[in-house]
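Participant: I'm passing along model.cif; it holds mmCIF, C-alpha atoms.
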```cif
data_data
loop_
_atom_site.group_PDB
_atom_site.id
_atom_site.type_symbol
_atom_site.label_atom_id
_atom_site.label_comp_id
_atom_site.auth_asym_id
_atom_site.auth_seq_id
_atom_site.Cartn_x
_atom_site.Cartn_y
_atom_site.Cartn_z
ATOM 1 C CA MET A 1 -33.870 -1.302 -0.764
ATOM 2 C CA GLN A 2 -33.476 0.230 -4.190
ATOM 3 C CA HIS A 3 -36.325 2.703 -3.514
ATOM 4 C CA PHE A 4 -34.581 3.785 -0.313
ATOM 5 C CA LEU A 5 -31.295 4.445 -2.147
ATOM 6 C CA ILE A 6 -33.079 6.422 -4.867
ATOM 7 C CA ALA A 7 -34.873 8.496 -2.231
ATOM 8 C CA LEU A 8 -31.586 9.242 -0.489
ATOM 9 C CA ALA A 9 -29.924 10.252 -3.737
ATOM 10 C CA ALA A 10 -32.819 12.478 -4.799
ATOM 11 C CA THR A 11 -33.151 14.591 -1.635
ATOM 12 C CA PRO A 12 -30.303 16.853 -0.557
ATOM 13 C CA SER A 13 -29.077 15.917 2.888
ATOM 14 C CA PRO A 14 -28.629 19.336 4.489
ATOM 15 C CA SER A 15 -31.093 21.741 2.959
ATOM 16 C CA PRO A 16 -29.202 24.729 1.599
ATOM 17 C CA THR A 17 -29.991 27.889 3.521
ATOM 18 C CA PRO A 18 -29.491 31.316 1.987
ATOM 19 C CA SER A 19 -28.328 32.961 5.235
ATOM 20 C CA LEU A 20 -26.953 32.239 8.686
ATOM 21 C CA ARG A 21 -29.073 30.975 11.544
ATOM 22 C CA PRO A 22 -30.607 33.648 13.712
ATOM 23 C CA GLY A 23 -28.250 34.768 16.470
ATOM 24 C CA LEU A 24 -25.039 34.083 14.504
ATOM 25 C CA SER A 25 -22.852 36.744 12.932
ATOM 26 C CA GLU A 26 -20.341 36.190 10.169
ATOM 27 C CA ASP A 27 -17.472 36.810 12.601
ATOM 28 C CA GLN A 28 -18.538 33.789 14.651
ATOM 29 C CA VAL A 29 -18.339 31.316 11.768
ATOM 30 C CA THR A 30 -15.326 32.552 9.739
ATOM 31 C CA PRO A 31 -11.708 32.824 10.874
ATOM 32 C CA GLY A 32 -11.327 36.370 9.592
ATOM 33 C CA THR A 33 -8.156 38.201 8.661
ATOM 34 C CA TRP A 34 -6.159 37.174 11.727
ATOM 35 C CA GLY A 35 -7.032 33.538 11.167
ATOM 36 C CA PHE A 36 -5.759 33.774 7.600
ATOM 37 C CA VAL A 37 -2.548 35.538 8.669
ATOM 38 C CA LEU A 38 -1.792 32.982 11.382
ATOM 39 C CA THR A 39 -2.519 30.063 9.050
ATOM 40 C CA ALA A 40 -0.250 31.541 6.367
ATOM 41 C CA PHE A 41 2.495 32.073 8.979
ATOM 42 C CA ILE A 42 2.258 28.440 10.103
ATOM 43 C CA VAL A 43 2.445 27.234 6.484
ATOM 44 C CA VAL A 44 5.538 29.361 5.765
ATOM 45 C CA LEU A 45 7.206 28.305 9.024
ATOM 46 C CA THR A 46 6.511 24.623 8.311
ATOM 47 C CA THR A 47 7.954 24.995 4.799
ATOM 48 C CA PHE A 48 11.169 26.501 6.172
ATOM 49 C CA LEU A 49 11.448 23.757 8.787
ATOM 50 C CA ILE A 50 11.017 21.034 6.159
ATOM 51 C CA VAL A 51 13.652 22.597 3.881
ATOM 52 C CA ASP A 52 16.082 22.934 6.796
ATOM 53 C CA MET A 53 15.531 19.333 7.901
ATOM 54 C CA VAL A 54 16.096 18.013 4.382
ATOM 55 C CA ARG A 55 19.334 20.017 4.210
ATOM 56 C CA ARG A 56 20.541 18.624 7.540
ATOM 57 C CA ILE A 57 19.657 15.029 6.626
ATOM 58 C CA ARG A 58 21.480 15.386 3.305
ATOM 59 C CA ARG A 59 24.555 16.775 5.088
ATOM 60 C CA VAL A 60 24.623 13.860 7.540
ATOM 61 C CA ARG A 61 24.239 11.357 4.699
ATOM 62 C CA TYR A 62 27.124 12.918 2.744
ATOM 63 C CA ARG A 63 29.366 12.927 5.818
ATOM 64 C CA ALA A 64 28.624 9.229 6.366
ATOM 65 C CA GLN A 65 29.493 8.463 2.736
ATOM 66 C CA VAL A 66 32.769 10.371 2.980
ATOM 67 C CA GLU A 67 33.638 8.578 6.238
ATOM 68 C CA GLU A 68 32.898 5.178 4.642
ATOM 69 C CA ALA A 69 35.046 6.035 1.629
ATOM 70 C CA ARG A 70 37.881 7.186 3.908
ATOM 71 C CA LEU A 71 37.725 3.993 5.975
ATOM 72 C CA ALA A 72 37.596 1.861 2.842
ATOM 73 C CA ALA A 73 40.626 3.672 1.436
ATOM 74 C CA GLU A 74 42.552 3.235 4.695
ATOM 75 C CA THR A 75 41.617 -0.442 4.926
ATOM 76 C CA GLY A 76 42.383 -1.056 1.262
ATOM 77 C CA GLY A 77 45.695 0.809 1.516
ATOM 78 C CA ALA A 78 46.752 -1.107 4.635
ATOM 79 C CA SER A 79 46.011 -4.489 3.100
ATOM 80 C CA ASP A 80 47.965 -3.548 -0.051
ATOM 81 C CA VAL A 81 51.006 -2.675 2.069
ATOM 82 C CA GLU A 82 50.751 -5.964 3.975
ATOM 83 C CA ASN A 83 50.481 -7.957 0.749
ATOM 84 C CA ASP A 84 53.463 -6.156 -0.758
ATOM 85 C CA GLY A 85 55.499 -6.777 2.414
ATOM 86 C CA ASP A 86 54.697 -10.487 2.380
ATOM 87 C CA ALA A 87 55.561 -10.829 -1.254
ATOM 88 C CA GLY A 88 58.873 -9.029 -0.735
ATOM 89 C CA ALA A 89 59.767 -11.286 2.201
ATOM 90 C CA GLY A 90 59.059 -14.444 0.209
ATOM 91 C CA ALA A 91 61.174 -13.286 -2.737
ATOM 92 C CA ARG A 92 64.272 -12.739 -0.614
#
```
I'd like the structure from this file rewritten - as structure tokens, please.

Facilitator:
Amino acid sequence: MQHFLIALAATPSPSPTPSLRPGLSEDQVTPGTWGFVLTAFIVVLTTFLIVDMVRRIRRVRYRAQVEEARLAAETGGASDVENDGDAGAGAR
């Protein structure tokens, strides 16, 4: 088993070839200029979409926090008024 592993490690798996196979041109195996331009466009578009989504999620989160604080203030203010009213009625 060890000899097999050494043999695998010693020989390169695909033999490096200095040129393309016969019948292939460089245009058939590389994306070219248009491929690069389209890939760059997709990367930029994805970046803008991610930034926009993060901005929208942050806005929704802040609105929820403000709404919770407003409800807590209304609830806390209402219970303070009720407690003050009860205390005033008992003192009379």

Participant: Skip range 29-32 of chain A itself and residues of its chain fewer than 6 positions away, then list as a list in words all residues within 10 Å of it, counting all atoms listed in the file.

Facilitator: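 What passes the distance filter is Leu20, Leu38 and Thr39 of chain A.
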
Participant: As JSON, what would the box around range 33-49 of chain A look like: edges along x, y and z, 3 Å added on every side, centre and edge lengths in Å to one decimal?

Facilitator:
```
{"center_x": 1.6, "center_y": 31.0, "center_z": 8.3, "size_x": 25.6, "size_y": 20.4, "size_z": 12.9}
```

Participant: One number please: CA of Ile42 in chain A to CA of Leu24 in chain A, in Å, one decimal.

Facilitator: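 Answer for the CA of Ile42 in chain A to CA of Leu24 in chain A separation: 28.2 Å.
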
Participant: N, CA, C and O atoms are what I want for range 37-51 of chain A; can you complete it accordingly and write them as a PDB file, in the coordinates of the input?

Facilitator:
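part.pdb was written with the following content:
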```pdb
ATOM      1  N   VAL A  37      -3.946  35.162   8.463  1.00  0.00           N
ATOM      2  CA  VAL A  37      -2.548  35.538   8.669  1.00  0.00           C
ATOM      3  C   VAL A  37      -1.821  34.479   9.493  1.00  0.00           C
ATOM      4  O   VAL A  37      -0.701  34.070   9.150  1.00  0.00           O
ATOM      5  N   LEU A  38      -2.431  34.005  10.555  1.00  0.00           N
ATOM      6  CA  LEU A  38      -1.792  32.982  11.382  1.00  0.00           C
ATOM      7  C   LEU A  38      -1.633  31.662  10.628  1.00  0.00           C
ATOM      8  O   LEU A  38      -0.608  30.991  10.749  1.00  0.00           O
ATOM      9  N   THR A  39      -2.628  31.291   9.840  1.00  0.00           N
ATOM     10  CA  THR A  39      -2.519  30.063   9.050  1.00  0.00           C
ATOM     11  C   THR A  39      -1.402  30.183   8.015  1.00  0.00           C
ATOM     12  O   THR A  39      -0.611  29.248   7.826  1.00  0.00           O
ATOM     13  N   ALA A  40      -1.318  31.327   7.349  1.00  0.00           N
ATOM     14  CA  ALA A  40      -0.250  31.541   6.367  1.00  0.00           C
ATOM     15  C   ALA A  40       1.117  31.503   7.044  1.00  0.00           C
ATOM     16  O   ALA A  40       2.070  30.930   6.509  1.00  0.00           O
ATOM     17  N   PHE A  41       1.233  32.092   8.238  1.00  0.00           N
ATOM     18  CA  PHE A  41       2.495  32.073   8.979  1.00  0.00           C
ATOM     19  C   PHE A  41       2.895  30.642   9.322  1.00  0.00           C
ATOM     20  O   PHE A  41       4.067  30.267   9.177  1.00  0.00           O
ATOM     21  N   ILE A  42       1.961  29.835   9.758  1.00  0.00           N
ATOM     22  CA  ILE A  42       2.258  28.440  10.103  1.00  0.00           C
ATOM     23  C   ILE A  42       2.700  27.660   8.865  1.00  0.00           C
ATOM     24  O   ILE A  42       3.623  26.850   8.923  1.00  0.00           O
ATOM     25  N   VAL A  43       2.065  27.924   7.728  1.00  0.00           N
ATOM     26  CA  VAL A  43       2.445  27.234   6.484  1.00  0.00           C
ATOM     27  C   VAL A  43       3.865  27.616   6.082  1.00  0.00           C
ATOM     28  O   VAL A  43       4.681  26.751   5.727  1.00  0.00           O
ATOM     29  N   VAL A  44       4.195  28.908   6.138  1.00  0.00           N
ATOM     30  CA  VAL A  44       5.538  29.361   5.765  1.00  0.00           C
ATOM     31  C   VAL A  44       6.579  28.801   6.739  1.00  0.00           C
ATOM     32  O   VAL A  44       7.637  28.314   6.320  1.00  0.00           O
ATOM     33  N   LEU A  45       6.288  28.843   8.024  1.00  0.00           N
ATOM     34  CA  LEU A  45       7.206  28.305   9.024  1.00  0.00           C
ATOM     35  C   LEU A  45       7.439  26.806   8.816  1.00  0.00           C
ATOM     36  O   LEU A  45       8.575  26.331   8.869  1.00  0.00           O
ATOM     37  N   THR A  46       6.381  26.062   8.553  1.00  0.00           N
ATOM     38  CA  THR A  46       6.511  24.623   8.311  1.00  0.00           C
ATOM     39  C   THR A  46       7.347  24.353   7.066  1.00  0.00           C
ATOM     40  O   THR A  46       8.174  23.435   7.051  1.00  0.00           O
ATOM     41  N   THR A  47       7.164  25.158   6.020  1.00  0.00           N
ATOM     42  CA  THR A  47       7.954  24.995   4.799  1.00  0.00           C
ATOM     43  C   THR A  47       9.436  25.209   5.083  1.00  0.00           C
ATOM     44  O   THR A  47      10.280  24.419   4.639  1.00  0.00           O
ATOM     45  N   PHE A  48       9.767  26.257   5.831  1.00  0.00           N
ATOM     46  CA  PHE A  48      11.169  26.501   6.172  1.00  0.00           C
ATOM     47  C   PHE A  48      11.747  25.374   7.028  1.00  0.00           C
ATOM     48  O   PHE A  48      12.891  24.965   6.840  1.00  0.00           O
ATOM     49  N   LEU A  49      10.962  24.863   7.954  1.00  0.00           N
ATOM     50  CA  LEU A  49      11.448  23.757   8.787  1.00  0.00           C
ATOM     51  C   LEU A  49      11.703  22.505   7.958  1.00  0.00           C
ATOM     52  O   LEU A  49      12.689  21.798   8.179  1.00  0.00           O
ATOM     53  N   ILE A  50      10.839  22.214   7.011  1.00  0.00           N
ATOM     54  CA  ILE A  50      11.017  21.034   6.159  1.00  0.00           C
ATOM     55  C   ILE A  50      12.274  21.191   5.304  1.00  0.00           C
ATOM     56  O   ILE A  50      13.073  20.253   5.171  1.00  0.00           O
ATOM     57  N   VAL A  51      12.466  22.366   4.715  1.00  0.00           N
ATOM     58  CA  VAL A  51      13.652  22.597   3.881  1.00  0.00           C
ATOM     59  C   VAL A  51      14.924  22.467   4.717  1.00  0.00           C
ATOM     60  O   VAL A  51      15.898  21.845   4.291  1.00  0.00           O
TER      61      VAL A  51
END
```
